[in-house]
Amino acid sequence: MATLRTLDIPDELYAQLQELAKAENSSVEAQVIKILHQALQKIAEEQEKRKNVLKILEENRLRRESLRTDVEWPDSTALIREDRDR
């Protein structure tokens, strides 16, 4: 297992870690590892969601392009003017 070098942690933050460790009947080191693991897992999930969104957008773009036809649609401005002139 790798060792992370000693970090300068603010006293207030360390006290919170100690309280959390005591409440969960574990060590401060175990709590730091648990918190880091949860944070990294959340980041990985967010990245996966972004990839899925990009994949869906690309699939939609390809689908729209495949549905394109050479139909000549009338100008909406001309249609509105024609309607008003009636």
# chains A, B, ... in the order shown; residues from 1 in each chain; ligands from 1
>>> residues_around(residues="range 27-35 of chain A", least_positions_apart="6", cutoff="8 Å", atoms="only C-alpha atoms", output="list of chain:residue names")
A:Leu17, A:Gln18, A:Leu20, A:Ala21
>>> write_last_selection(atoms="C-alpha atoms", output="PDB file, in the first residue's frame")
ATOM      1  CA  LEU A  17     -11.835  14.316  11.340  1.00  0.00           C
ATOM      2  CA  GLN A  18     -11.181  13.121  14.895  1.00  0.00           C
ATOM      3  CA  LEU A  20     -15.989  11.734  12.758  1.00  0.00           C
ATOM      4  CA  ALA A  21     -13.536   8.911  13.427  1.00  0.00           C
TER       5      ALA A  21
END
>>> atom_distance(atom1="CA of Leu4 in chain A", atom2="CA of His37 in chain A")
14.0 Å
